[in-house]
>>> print(open('my_file-v7.tsv').read())   # TSV, C-alpha atoms
chain	number	residue	atom	x	y	z
A	1	MET	CA	-50.36	95.21	83.31
A	2	LYS	CA	-53.94	95.75	84.47
A	3	LEU	CA	-55.17	95.28	88.03
A	4	TYR	CA	-58.89	94.84	88.66
A	5	VAL	CA	-59.87	96.44	91.97
A	6	SER	CA	-62.77	98.05	93.79
A	7	PRO	CA	-62.77	101.10	96.09
A	8	ARG	CA	-62.77	100.37	99.83
A	9	ALA	CA	-62.35	96.59	99.37
A	10	PRO	CA	-59.55	95.35	101.65
A	11	ASN	CA	-58.06	92.66	99.40
A	12	PRO	CA	-57.45	94.88	96.36
A	13	ARG	CA	-55.98	97.44	98.74
A	14	ARG	CA	-53.43	94.86	99.94
A	15	VAL	CA	-52.11	94.51	96.38
A	16	GLN	CA	-52.25	98.27	95.79
A	17	MET	CA	-50.20	98.89	98.93
A	18	PHE	CA	-47.73	96.13	97.97
A	19	ILE	CA	-47.31	97.78	94.56
A	20	ALA	CA	-46.82	101.20	96.19
A	21	GLU	CA	-44.11	99.83	98.52
A	22	LYS	CA	-42.26	98.54	95.46
A	23	ALA	CA	-43.00	101.70	93.46
A	24	ILE	CA	-44.16	99.67	90.44
A	25	ALA	CA	-45.47	102.23	87.96
A	26	GLU	CA	-46.56	100.17	84.97
A	27	ILE	CA	-49.85	98.83	86.35
A	28	THR	CA	-53.20	100.34	85.33
A	29	GLU	CA	-56.05	100.01	87.82
A	30	ILE	CA	-59.53	99.15	86.59
A	31	ASN	CA	-62.33	99.78	89.08
A	32	LEU	CA	-65.29	97.42	89.28
A	33	ASP	CA	-68.59	98.44	90.88
A	34	LEU	CA	-69.33	95.43	93.08
A	35	ASN	CA	-72.77	96.74	94.11
A	36	ALA	CA	-73.69	96.73	90.42
A	37	GLN	CA	-72.38	93.12	90.26
A	38	ALA	CA	-69.67	94.11	87.79
A	39	HIS	CA	-67.63	91.15	89.07
A	40	ARG	CA	-70.32	88.72	87.94
A	41	THR	CA	-70.49	89.57	84.24
A	42	PRO	CA	-69.51	86.78	81.82
A	43	GLU	CA	-66.61	88.95	80.67
A	44	PHE	CA	-65.16	89.25	84.18
A	45	LEU	CA	-65.89	85.63	85.11
A	46	ALA	CA	-63.67	84.63	82.20
A	47	LYS	CA	-60.85	86.39	84.07
A	48	SER	CA	-61.86	85.31	87.59
A	49	PRO	CA	-64.09	82.20	87.63
A	50	LEU	CA	-65.22	82.64	91.23
A	51	ALA	CA	-65.95	86.37	90.79
A	52	LYS	CA	-63.17	87.45	93.15
A	53	ILE	CA	-61.04	90.60	93.06
A	54	PRO	CA	-58.24	91.58	92.80
A	55	VAL	CA	-57.08	90.05	89.52
A	56	LEU	CA	-53.85	90.95	87.70
A	57	GLU	CA	-53.63	90.71	83.93
A	58	LEU	CA	-50.09	89.65	83.06
A	59	PRO	CA	-48.09	90.88	80.04
A	60	ASP	CA	-48.74	87.49	78.37
A	61	GLY	CA	-52.50	87.95	78.77
A	62	ARG	CA	-53.00	85.41	81.57
A	63	HIS	CA	-55.06	86.40	84.60
A	64	LEU	CA	-53.70	85.83	88.07
A	65	GLY	CA	-56.10	85.96	90.99
A	66	GLU	CA	-55.79	85.75	94.79
A	67	THR	CA	-54.19	88.63	96.65
A	68	ARG	CA	-51.17	86.83	98.04
A	69	ALA	CA	-50.47	84.96	94.81
A	70	ILE	CA	-50.40	88.27	92.94
A	71	CYS	CA	-47.88	89.54	95.50
A	72	THR	CA	-45.74	86.42	95.01
A	73	TYR	CA	-45.63	87.16	91.28
A	74	LEU	CA	-44.81	90.85	91.79
A	75	GLU	CA	-42.10	90.00	94.33
A	76	GLY	CA	-40.48	87.91	91.59
A	77	VAL	CA	-40.74	90.69	88.99
A	78	VAL	CA	-39.60	93.51	91.33
A	79	PRO	CA	-37.57	91.93	94.15
A	80	ALA	CA	-36.75	95.15	96.04
A	81	PRO	CA	-37.68	96.07	98.65
A	82	ASN	CA	-38.17	92.49	99.79
A	83	LEU	CA	-41.57	92.04	101.46
A	84	MET	CA	-42.00	88.24	101.57
A	85	GLY	CA	-38.62	86.86	102.68
A	86	GLU	CA	-35.28	86.23	100.98
A	87	VAL	CA	-34.80	82.49	101.58
A	88	ALA	CA	-37.18	79.60	102.28
A	89	THR	CA	-36.99	79.73	106.08
A	90	GLU	CA	-37.60	83.47	106.23
A	91	ARG	CA	-40.32	83.17	103.59
A	92	ALA	CA	-41.99	80.53	105.76
A	93	PHE	CA	-41.98	82.64	108.94
A	94	ILE	CA	-43.31	85.70	107.09
A	95	GLU	CA	-45.98	83.50	105.48
A	96	MET	CA	-46.93	82.22	108.95
A	97	ALA	CA	-47.35	85.78	110.20
A	98	ASP	CA	-49.23	86.81	107.06
A	99	ARG	CA	-51.61	83.89	107.29
A	100	ARG	CA	-52.24	84.50	110.98
A	101	VAL	CA	-53.33	88.07	110.40
A	102	GLU	CA	-55.23	87.08	107.24
A	103	PHE	CA	-57.17	84.21	108.83
A	104	TYR	CA	-57.57	85.41	112.41
A	105	ILE	CA	-57.70	89.21	112.04
A	106	LEU	CA	-58.79	90.17	108.51
A	107	GLY	CA	-61.06	87.11	108.21
A	108	PRO	CA	-63.14	87.83	111.33
A	109	ILE	CA	-63.25	91.54	110.44
A	110	ALA	CA	-64.58	90.72	106.96
A	111	ASN	CA	-67.16	88.25	108.29
A	112	TRP	CA	-68.21	90.65	111.07
A	113	ILE	CA	-68.80	93.42	108.52
A	114	ARG	CA	-70.29	91.28	105.75
A	115	HIS	CA	-72.80	89.60	108.05
A	116	THR	CA	-73.87	92.62	110.13
A	117	ASN	CA	-73.52	95.75	107.99
A	118	PRO	CA	-76.64	96.47	105.89
A	119	GLY	CA	-74.40	98.12	103.29
A	120	LEU	CA	-72.81	94.74	102.52
A	121	ALA	CA	-76.12	92.91	102.05
A	122	PRO	CA	-75.82	92.98	98.24
A	123	LEU	CA	-72.52	91.07	98.53
A	124	GLU	CA	-73.36	88.69	101.40
A	125	ASN	CA	-76.75	87.18	100.85
A	126	PRO	CA	-78.12	85.89	103.14
A	127	GLN	CA	-76.45	87.65	106.05
A	128	PHE	CA	-76.27	85.84	109.43
A	129	PRO	CA	-76.05	88.69	111.97
A	130	GLU	CA	-75.54	86.48	115.04
A	131	TYR	CA	-72.69	84.68	113.31
A	132	GLY	CA	-71.27	88.08	112.34
A	133	ALA	CA	-71.43	89.26	115.94
A	134	SER	CA	-69.62	86.12	117.10
A	135	GLN	CA	-66.84	86.95	114.64
A	136	HIS	CA	-66.42	90.30	116.38
A	137	GLY	CA	-65.87	88.37	119.62
A	138	LYS	CA	-63.23	86.17	118.01
A	139	LEU	CA	-61.60	89.23	116.50
A	140	LEU	CA	-61.16	90.83	119.93
A	141	GLU	CA	-59.53	87.63	121.27
A	142	ASN	CA	-57.16	87.52	118.31
A	143	LEU	CA	-56.37	91.24	118.51
A	144	ALA	CA	-55.30	90.70	122.12
A	145	TRP	CA	-52.67	88.27	120.78
A	146	LEU	CA	-51.57	90.72	118.07
A	147	ASP	CA	-51.38	93.59	120.56
A	148	ARG	CA	-49.16	91.50	122.87
A	149	SER	CA	-47.01	90.51	119.92
A	150	LEU	CA	-46.59	94.13	118.77
A	151	GLY	CA	-45.64	95.09	122.31
A	152	GLY	CA	-42.44	93.09	121.80
A	153	GLN	CA	-41.56	93.73	118.15
A	154	ASP	CA	-41.96	96.64	115.74
A	155	PHE	CA	-43.73	94.79	112.93
A	156	VAL	CA	-46.17	91.90	112.54
A	157	ALA	CA	-43.57	89.39	111.36
A	158	GLY	CA	-40.64	90.72	113.41
A	159	ASP	CA	-38.22	93.61	113.07
A	160	ARG	CA	-38.98	94.78	109.55
A	161	PHE	CA	-41.97	95.80	107.44
A	162	THR	CA	-43.38	92.90	105.38
A	163	ILE	CA	-46.48	91.76	103.54
A	164	ALA	CA	-47.92	90.71	106.92
A	165	ASP	CA	-48.08	94.38	107.97
A	166	ILE	CA	-49.96	95.18	104.77
A	167	THR	CA	-52.50	92.41	105.40
A	168	ALA	CA	-53.06	93.42	109.03
A	169	PHE	CA	-53.23	97.13	108.20
A	170	CYS	CA	-55.78	96.72	105.41
A	171	GLY	CA	-57.88	94.59	107.76
A	172	ILE	CA	-57.76	97.05	110.65
A	173	GLU	CA	-58.53	99.97	108.34
A	174	PHE	CA	-61.49	98.09	106.84
A	175	ALA	CA	-62.87	97.76	110.40
A	176	ARG	CA	-63.23	101.56	110.53
A	177	LEU	CA	-66.52	100.90	108.70
A	178	MET	CA	-67.65	99.56	112.10
A	179	LYS	CA	-66.12	102.56	113.95
A	180	PHE	CA	-63.32	100.30	115.22
A	181	ARG	CA	-60.20	102.01	116.59
A	182	ALA	CA	-57.49	99.85	118.14
A	183	GLY	CA	-56.64	102.29	120.93
A	184	GLU	CA	-60.26	102.77	121.99
A	185	ALA	CA	-60.71	98.98	121.97
A	186	GLY	CA	-57.87	98.62	124.49
A	187	PHE	CA	-54.95	97.69	122.22
A	188	PRO	CA	-52.30	100.40	122.62
A	189	ALA	CA	-49.40	98.59	120.90
A	190	LEU	CA	-51.66	97.79	117.97
A	191	GLN	CA	-52.71	101.44	117.74
A	192	ALA	CA	-49.08	102.64	117.81
A	193	TRP	CA	-48.15	100.14	115.07
A	194	ARG	CA	-51.21	101.16	113.03
A	195	ASP	CA	-50.21	104.83	113.26
A	196	ARG	CA	-46.64	104.03	112.15
A	197	VAL	CA	-47.91	102.08	109.14
A	198	ALA	CA	-50.52	104.75	108.32
A	199	ALA	CA	-47.66	107.28	108.05
A	200	ARG	CA	-46.08	105.33	105.17
A	201	GLU	CA	-46.63	106.71	101.68
A	202	SER	CA	-48.02	103.31	100.57
A	203	ALA	CA	-50.90	103.61	103.06
A	204	LYS	CA	-52.47	106.19	100.73
A	205	ALA	CA	-52.87	103.56	97.99
A	206	GLY	CA	-56.26	101.96	97.37
B	1	MET	CA	-38.14	67.69	113.90
B	2	LYS	CA	-41.49	67.29	115.66
B	3	LEU	CA	-44.86	67.86	114.04
B	4	TYR	CA	-47.90	68.48	116.26
B	5	VAL	CA	-51.00	66.98	114.66
B	6	SER	CA	-54.41	65.52	115.50
B	7	PRO	CA	-56.16	62.52	113.93
B	8	ARG	CA	-58.81	63.29	111.29
B	9	ALA	CA	-58.05	67.05	111.27
B	10	PRO	CA	-57.66	68.22	107.66
B	11	ASN	CA	-54.89	70.80	108.13
B	12	PRO	CA	-52.38	68.50	109.86
B	13	ARG	CA	-53.17	65.93	107.17
B	14	ARG	CA	-52.15	68.43	104.48
B	15	VAL	CA	-48.68	68.66	106.01
B	16	GLN	CA	-48.49	64.90	106.59
B	17	MET	CA	-49.33	64.25	102.94
B	18	PHE	CA	-46.82	66.88	101.80
B	19	ILE	CA	-44.15	65.17	103.91
B	20	ALA	CA	-45.11	61.76	102.48
B	21	GLU	CA	-44.83	63.05	98.89
B	22	LYS	CA	-41.29	64.22	99.67
B	23	ALA	CA	-40.50	61.06	101.67
B	24	ILE	CA	-39.07	63.07	104.57
B	25	ALA	CA	-38.31	60.53	107.28
B	26	GLU	CA	-36.85	62.58	110.13
B	27	ILE	CA	-40.08	64.08	111.48
B	28	THR	CA	-41.75	62.70	114.62
B	29	GLU	CA	-45.50	63.19	114.90
B	30	ILE	CA	-47.05	64.17	118.24
B	31	ASN	CA	-50.79	63.70	118.50
B	32	LEU	CA	-52.92	66.18	120.42
B	33	ASP	CA	-56.41	65.32	121.68
B	34	LEU	CA	-58.39	68.39	120.62
B	35	ASN	CA	-61.56	67.25	122.37
B	36	ALA	CA	-59.55	67.22	125.61
B	37	GLN	CA	-58.40	70.78	124.73
B	38	ALA	CA	-54.76	69.64	124.54
B	39	HIS	CA	-54.16	72.54	122.12
B	40	ARG	CA	-55.13	75.07	124.81
B	41	THR	CA	-52.63	74.15	127.53
B	42	PRO	CA	-50.11	76.86	128.49
B	43	GLU	CA	-47.35	74.53	127.23
B	44	PHE	CA	-48.85	74.25	123.75
B	45	LEU	CA	-49.89	77.92	123.57
B	46	ALA	CA	-46.21	78.77	124.01
B	47	LYS	CA	-45.65	76.91	120.72
B	48	SER	CA	-48.82	78.11	118.97
B	49	PRO	CA	-50.28	81.29	120.48
B	50	LEU	CA	-53.66	80.96	118.75
B	51	ALA	CA	-54.01	77.25	119.66
B	52	LYS	CA	-53.80	76.11	116.03
B	53	ILE	CA	-52.39	72.89	114.64
B	54	PRO	CA	-50.28	71.78	112.84
B	55	VAL	CA	-47.05	73.19	114.28
B	56	LEU	CA	-43.54	72.13	113.25
B	57	GLU	CA	-40.68	72.29	115.75
B	58	LEU	CA	-37.54	73.18	113.80
B	59	PRO	CA	-34.04	71.84	114.51
B	60	ASP	CA	-33.16	75.23	116.08
B	61	GLY	CA	-36.10	74.93	118.48
B	62	ARG	CA	-38.33	77.53	116.85
B	63	HIS	CA	-41.98	76.67	116.23
B	64	LEU	CA	-43.50	77.25	112.81
B	65	GLY	CA	-47.28	77.27	112.48
B	66	GLU	CA	-49.74	77.55	109.60
B	67	THR	CA	-50.07	74.64	107.21
B	68	ARG	CA	-48.89	76.32	104.05
B	69	ALA	CA	-46.02	78.12	105.78
B	70	ILE	CA	-44.76	74.77	107.10
B	71	CYS	CA	-44.89	73.43	103.53
B	72	THR	CA	-42.91	76.46	102.29
B	73	TYR	CA	-40.20	75.65	104.83
B	74	LEU	CA	-40.14	71.94	103.95
B	75	GLU	CA	-40.02	72.71	100.22
B	76	GLY	CA	-36.86	74.70	100.94
B	77	VAL	CA	-35.29	71.88	102.97
B	78	VAL	CA	-36.26	69.08	100.58
B	79	PRO	CA	-36.82	70.61	97.14
B	80	ALA	CA	-37.73	67.39	95.29
B	81	PRO	CA	-40.28	66.56	94.14
B	82	ASN	CA	-41.30	70.17	93.63
B	83	LEU	CA	-44.84	70.78	94.89
B	84	MET	CA	-45.07	74.59	95.05
B	85	GLY	CA	-43.45	75.87	91.84
B	86	GLU	CA	-39.89	76.32	90.62
B	87	VAL	CA	-39.82	80.05	89.80
B	88	ALA	CA	-41.86	83.04	90.97
B	89	THR	CA	-44.45	82.97	88.17
B	90	GLU	CA	-45.13	79.25	88.56
B	91	ARG	CA	-45.12	79.63	92.34
B	92	ALA	CA	-47.74	82.37	91.99
B	93	PHE	CA	-50.09	80.31	89.80
B	94	ILE	CA	-49.81	77.28	92.08
B	95	GLU	CA	-50.44	79.56	95.08
B	96	MET	CA	-53.53	80.94	93.31
B	97	ALA	CA	-54.87	77.41	92.80
B	98	ASP	CA	-53.98	76.41	96.35
B	99	ARG	CA	-55.69	79.44	97.86
B	100	ARG	CA	-58.79	78.92	95.73
B	101	VAL	CA	-59.28	75.38	96.99
B	102	GLU	CA	-58.31	76.39	100.52
B	103	PHE	CA	-60.69	79.37	100.74
B	104	TYR	CA	-63.57	78.23	98.55
B	105	ILE	CA	-63.55	74.43	98.97
B	106	LEU	CA	-61.82	73.47	102.24
B	107	GLY	CA	-63.07	76.62	104.01
B	108	PRO	CA	-66.79	76.05	103.32
B	109	ILE	CA	-66.38	72.32	104.10
B	110	ALA	CA	-64.79	73.16	107.46
B	111	ASN	CA	-67.45	75.74	108.32
B	112	TRP	CA	-70.25	73.43	107.17
B	113	ILE	CA	-68.96	70.66	109.42
B	114	ARG	CA	-67.94	72.80	112.40
B	115	HIS	CA	-71.27	74.64	112.55
B	116	THR	CA	-73.62	71.72	111.89
B	117	ASN	CA	-71.99	68.51	113.20
B	118	PRO	CA	-72.69	67.90	116.92
B	119	GLY	CA	-69.35	66.09	117.16
B	120	LEU	CA	-67.55	69.38	116.49
B	121	ALA	CA	-69.44	71.34	119.16
B	122	PRO	CA	-66.51	71.20	121.62
B	123	LEU	CA	-64.33	72.98	119.02
B	124	GLU	CA	-66.87	75.43	117.58
B	125	ASN	CA	-68.78	77.08	120.37
B	126	PRO	CA	-71.32	78.46	119.71
B	127	GLN	CA	-72.32	76.69	116.50
B	128	PHE	CA	-74.52	78.55	113.99
B	129	PRO	CA	-76.31	75.75	112.10
B	130	GLU	CA	-78.04	77.99	109.55
B	131	TYR	CA	-74.74	79.64	108.69
B	132	GLY	CA	-73.21	76.16	108.43
B	133	ALA	CA	-75.95	75.04	106.04
B	134	SER	CA	-75.35	78.13	103.89
B	135	GLN	CA	-71.70	77.14	103.64
B	136	HIS	CA	-72.79	73.81	102.16
B	137	GLY	CA	-74.65	75.75	99.48
B	138	LYS	CA	-71.56	77.83	98.68
B	139	LEU	CA	-69.47	74.67	98.64
B	140	LEU	CA	-71.68	73.12	95.96
B	141	GLU	CA	-71.37	76.26	93.79
B	142	ASN	CA	-67.59	76.23	94.17
B	143	LEU	CA	-67.33	72.49	93.53
B	144	ALA	CA	-69.15	73.05	90.24
B	145	TRP	CA	-66.25	75.33	89.25
B	146	LEU	CA	-63.65	72.80	90.40
B	147	ASP	CA	-65.42	69.97	88.57
B	148	ARG	CA	-65.43	72.01	85.34
B	149	SER	CA	-61.77	72.85	85.84
B	150	LEU	CA	-60.81	69.21	86.42
B	151	GLY	CA	-62.71	68.26	83.27
B	152	GLY	CA	-60.02	70.12	81.32
B	153	GLN	CA	-56.83	69.37	83.26
B	154	ASP	CA	-55.51	66.43	85.28
B	155	PHE	CA	-54.66	68.31	88.48
B	156	VAL	CA	-55.98	71.29	90.44
B	157	ALA	CA	-53.21	73.68	89.35
B	158	GLY	CA	-52.69	72.26	85.84
B	159	ASP	CA	-50.87	69.27	84.40
B	160	ARG	CA	-48.92	68.07	87.41
B	161	PHE	CA	-49.54	67.14	91.05
B	162	THR	CA	-48.95	70.06	93.46
B	163	ILE	CA	-49.76	71.30	96.95
B	164	ALA	CA	-53.13	72.45	95.58
B	165	ASP	CA	-54.13	68.81	95.03
B	166	ILE	CA	-53.20	68.04	98.63
B	167	THR	CA	-55.31	70.92	99.95
B	168	ALA	CA	-58.33	70.00	97.84
B	169	PHE	CA	-58.02	66.28	98.59
B	170	CYS	CA	-57.78	66.76	102.37
B	171	GLY	CA	-60.85	69.01	102.19
B	172	ILE	CA	-62.92	66.58	100.10
B	173	GLU	CA	-61.95	63.67	102.33
B	174	PHE	CA	-62.86	65.66	105.47
B	175	ALA	CA	-66.34	66.10	103.95
B	176	ARG	CA	-66.85	62.34	104.19
B	177	LEU	CA	-67.82	63.11	107.81
B	178	MET	CA	-70.98	64.54	106.20
B	179	LYS	CA	-71.36	61.52	103.86
B	180	PHE	CA	-70.21	63.67	100.95
B	181	ARG	CA	-69.09	61.85	97.81
B	182	ALA	CA	-68.21	63.93	94.73
B	183	GLY	CA	-69.71	61.49	92.22
B	184	GLU	CA	-73.00	61.19	94.06
B	185	ALA	CA	-73.15	64.99	94.33
B	186	GLY	CA	-72.96	65.27	90.53
B	187	PHE	CA	-69.26	66.05	90.05
B	188	PRO	CA	-67.79	63.23	87.91
B	189	ALA	CA	-64.48	64.88	87.01
B	190	LEU	CA	-63.92	65.73	90.66
B	191	GLN	CA	-64.64	62.12	91.65
B	192	ALA	CA	-62.21	60.78	89.01
B	193	TRP	CA	-59.50	63.19	90.22
B	194	ARG	CA	-60.22	62.25	93.85
B	195	ASP	CA	-59.83	58.56	93.03
B	196	ARG	CA	-56.52	59.20	91.25
B	197	VAL	CA	-55.17	61.14	94.23
B	198	ALA	CA	-56.51	58.56	96.70
B	199	ALA	CA	-54.41	55.92	94.90
B	200	ARG	CA	-51.18	57.75	95.76
B	201	GLU	CA	-49.11	56.34	98.60
B	202	SER	CA	-49.16	59.77	100.30
B	203	ALA	CA	-52.96	59.64	100.63
B	204	LYS	CA	-52.51	57.09	103.42
B	205	ALA	CA	-50.73	59.69	105.56
B	206	GLY	CA	-52.56	61.40	108.40
>>> encode(input="my_file-v7.tsv", output="structure tokens")
Amino acid sequence: MKLYVSPRAPNPRRVQMFIAEKAIAEITEINLDLNAQAHRTPEFLAKSPLAKIPVLELPDGRHLGETRAICTYLEGVVPAPNLMGEVATERAFIEMADRRVEFYILGPIANWIRHTNPGLAPLENPQFPEYGASQHGKLLENLAWLDRSLGGQDFVAGDRFTIADITAFCGIEFARLMKFRAGEAGFPALQAWRDRVAARESAKAG
Amino acid sequence: MKLYVSPRAPNPRRVQMFIAEKAIAEITEINLDLNAQAHRTPEFLAKSPLAKIPVLELPDGRHLGETRAICTYLEGVVPAPNLMGEVATERAFIEMADRRVEFYILGPIANWIRHTNPGLAPLENPQFPEYGASQHGKLLENLAWLDRSLGGQDFVAGDRFTIADITAFCGIEFARLMKFRAGEAGFPALQAWRDRVAARESAKAG
């Protein structure tokens, strides 16, 4: 299978880390240069109509987009270690945790960076810097919740490592572009969790 | 079970429509007045730490948040009719479609409305009207994709009704607040699909 990615982009990294946790070897990565608009060529739009990465090319030739949907497919192909829940109720609670960190942590981080960092201007045009700054404010509120939560449990969704840790980790690491460090920002439990996740072999992926 | 909702809010409506499609009778709806900040009371924050609705109270007393996670749970409890896919590969492709309409249709609609409609000022503070207007522009680009897609298939994820139709429909209907009509905006296949979905009994929910 082929996986279309781009260096430093948080969403491809989520899939790369998911693949590394499952030690799936038979996937070839293809890097796209987003600043050169490689995701907007007619050839790539045929694979991903809204110009989004990552995209996975399946053995039957179909193209599957959207980070979490790719993970759902891979979880079916390689069930162990389980990262998304074994039965419907557990799957639902892990999905809740994953969506919370995707929408309220990774989302504000991405909008903060895309709307305020000059380096992202080619991808976010026009930028709205005041909106971006407001997203930083929302991020800090939401990180306070996550920090409290991680003060009482070892991982984002509870007592074991799941896809929700991958989503949160790739978000937090993307925020390093803005010199963000959880400990310096006043979130010690978040920093301790981040350091534990960063020590995993899969954190080197992407 | 209890479901915390609010009138006219698109995300609770997604769950209400999902429940109606499955004809689940044993769920009691509890309405929250968002303008009165009923979602920010200590009592509700204990159920939903980020003040989001909908939230489902399970028979064991736990609270499950996040629209799509609630649907994952309900699909497990009441499998028929299937709305999210039978096996991992189908689940992944339906999730891809659902995420695309959630992120690139419902998302821009919500941001367009929340940042430009004075009626939403109590919920989105501060509003950034120019950012909101830019979201309308992105919405129109993304609707052009959805209109093309629906020109070639009957439903958002393919040839049968799924959760992705519910997500897209609740988004499009929320845009009526802004006088949006798909046909008038130049999207005939989208309008025809919208009218087919609106004729379903479940469209009356919420």
>>> interface_residues(input="my_file-v7.tsv", of="chain A", to="chain B", cutoff="9 Å", atoms="all atoms listed in the file", output="PyMOL selection string")
chain A and resi 49-50+64-77+87-97+99-100+104+126-128+130-131+134+142+145
>>> write_last_selection(input="my_file-v7.tsv", atoms="C-alpha atoms", output="PDB file, keeping the file's coordinate frame")
ATOM      1  CA  PRO A  49     -64.090  82.200  87.630  1.00  0.00           C
ATOM      2  CA  LEU A  50     -65.220  82.640  91.230  1.00  0.00           C
ATOM      3  CA  LEU A  64     -53.700  85.830  88.070  1.00  0.00           C
ATOM      4  CA  GLY A  65     -56.100  85.960  90.990  1.00  0.00           C
ATOM      5  CA  GLU A  66     -55.790  85.750  94.790  1.00  0.00           C
ATOM      6  CA  THR A  67     -54.190  88.630  96.650  1.00  0.00           C
ATOM      7  CA  ARG A  68     -51.170  86.830  98.040  1.00  0.00           C
ATOM      8  CA  ALA A  69     -50.470  84.960  94.810  1.00  0.00           C
ATOM      9  CA  ILE A  70     -50.400  88.270  92.940  1.00  0.00           C
ATOM     10  CA  CYS A  71     -47.880  89.540  95.500  1.00  0.00           C
ATOM     11  CA  THR A  72     -45.740  86.420  95.010  1.00  0.00           C
ATOM     12  CA  TYR A  73     -45.630  87.160  91.280  1.00  0.00           C
ATOM     13  CA  LEU A  74     -44.810  90.850  91.790  1.00  0.00           C
ATOM     14  CA  GLU A  75     -42.100  90.000  94.330  1.00  0.00           C
ATOM     15  CA  GLY A  76     -40.480  87.910  91.590  1.00  0.00           C
ATOM     16  CA  VAL A  77     -40.740  90.690  88.990  1.00  0.00           C
ATOM     17  CA  VAL A  87     -34.800  82.490 101.580  1.00  0.00           C
ATOM     18  CA  ALA A  88     -37.180  79.600 102.280  1.00  0.00           C
ATOM     19  CA  THR A  89     -36.990  79.730 106.080  1.00  0.00           C
ATOM     20  CA  GLU A  90     -37.600  83.470 106.230  1.00  0.00           C
ATOM     21  CA  ARG A  91     -40.320  83.170 103.590  1.00  0.00           C
ATOM     22  CA  ALA A  92     -41.990  80.530 105.760  1.00  0.00           C
ATOM     23  CA  PHE A  93     -41.980  82.640 108.940  1.00  0.00           C
ATOM     24  CA  ILE A  94     -43.310  85.700 107.090  1.00  0.00           C
ATOM     25  CA  GLU A  95     -45.980  83.500 105.480  1.00  0.00           C
ATOM     26  CA  MET A  96     -46.930  82.220 108.950  1.00  0.00           C
ATOM     27  CA  ALA A  97     -47.350  85.780 110.200  1.00  0.00           C
ATOM     28  CA  ARG A  99     -51.610  83.890 107.290  1.00  0.00           C
ATOM     29  CA  ARG A 100     -52.240  84.500 110.980  1.00  0.00           C
ATOM     30  CA  TYR A 104     -57.570  85.410 112.410  1.00  0.00           C
ATOM     31  CA  PRO A 126     -78.120  85.890 103.140  1.00  0.00           C
ATOM     32  CA  GLN A 127     -76.450  87.650 106.050  1.00  0.00           C
ATOM     33  CA  PHE A 128     -76.270  85.840 109.430  1.00  0.00           C
ATOM     34  CA  GLU A 130     -75.540  86.480 115.040  1.00  0.00           C
ATOM     35  CA  TYR A 131     -72.690  84.680 113.310  1.00  0.00           C
ATOM     36  CA  SER A 134     -69.620  86.120 117.100  1.00  0.00           C
ATOM     37  CA  ASN A 142     -57.160  87.520 118.310  1.00  0.00           C
ATOM     38  CA  TRP A 145     -52.670  88.270 120.780  1.00  0.00           C
TER      39      TRP A 145
END
>>> atom_distance(input="my_file-v7.tsv", atom1="atom CA of Asp154 of chain B", atom2="atom CA of Trp193 of chain B")
7.1 Å
>>> residues_near_point(input="my_file-v7.tsv", point="(-49.3, 63.5, 98.1)", cutoff="10 Å", atoms="only C-alpha atoms", output="list in words")
Arg14, Val15, Gln16, Met17, Phe18, Ile19, Ala20, Glu21, Lys22, Ala23, Leu83, Phe161, Thr162, Ile163, Asp165, Ile166, Thr167, Phe169, Val197, Ala198, Ala199, Arg200, Glu201, Ser202, Ala203, Lys204 and Ala205 of chain B
>>> closest_residue(input="my_file-v7.tsv", among="A:Ala38, A:Ala164, A:Ala46, A:Leu190", to="Leu106 of chain A", atoms="only C-alpha atoms")
A:Ala164
>>> atom_distance(input="my_file-v7.tsv", atom1="atom CA of Met178 of chain A", atom2="atom CA of Ile113 of chain A")
7.2 Å
>>> closest_residue(input="my_file-v7.tsv", among="B:Asn111, B:Gln135, B:Thr41, B:Asn35", to="Phe174 of chain B", atoms="all atoms listed in the file")
B:Asn111
>>> atom_distance(input="my_file-v7.tsv", atom1="atom CA of Lys179 of chain B", atom2="atom CA of Ala9 of chain B")
16.2 Å
>>> residues_around(input="my_file-v7.tsv", residues="Ala144 of chain B", least_positions_apart="5", cutoff="12 Å", atoms="all atoms listed in the file", output="JSON, numbers by chain")
{"A": [49, 50], "B": [104, 105, 137, 138, 139, 149, 150, 151, 182, 183, 185, 186, 187, 188, 189, 190, 191]}
>>> axis_aligned_box(input="my_file-v7.tsv", around="segment 61-72 of chain B", padding_each_side="6 Å", output="JSON")
{"center_x": -43.1, "center_y": 75.8, "center_z": 110.4, "size_x": 26.0, "size_y": 16.7, "size_z": 28.2}
>>> closest_residue(input="my_file-v7.tsv", among="A:Arg8, A:Leu177, A:Ala25, A:Gly61", to="Pro118 of chain A", atoms="only C-alpha atoms")
A:Leu177
>>> residues_near_point(input="my_file-v7.tsv", point="(-59.4, 96.9, 87.0)", cutoff="6 Å", atoms="only C-alpha atoms", output="mmCIF file with C-alpha atoms, in the coordinates of the input")
data_model
loop_
_atom_site.group_PDB
_atom_site.id
_atom_site.type_symbol
_atom_site.label_atom_id
_atom_site.label_comp_id
_atom_site.auth_asym_id
_atom_site.auth_seq_id
_atom_site.Cartn_x
_atom_site.Cartn_y
_atom_site.Cartn_z
ATOM 1 C CA LEU A 3 -55.170 95.280 88.030
ATOM 2 C CA TYR A 4 -58.890 94.840 88.660
ATOM 3 C CA VAL A 5 -59.870 96.440 91.970
ATOM 4 C CA GLU A 29 -56.050 100.010 87.820
ATOM 5 C CA ILE A 30 -59.530 99.150 86.590
ATOM 6 C CA ASN A 31 -62.330 99.780 89.080
#
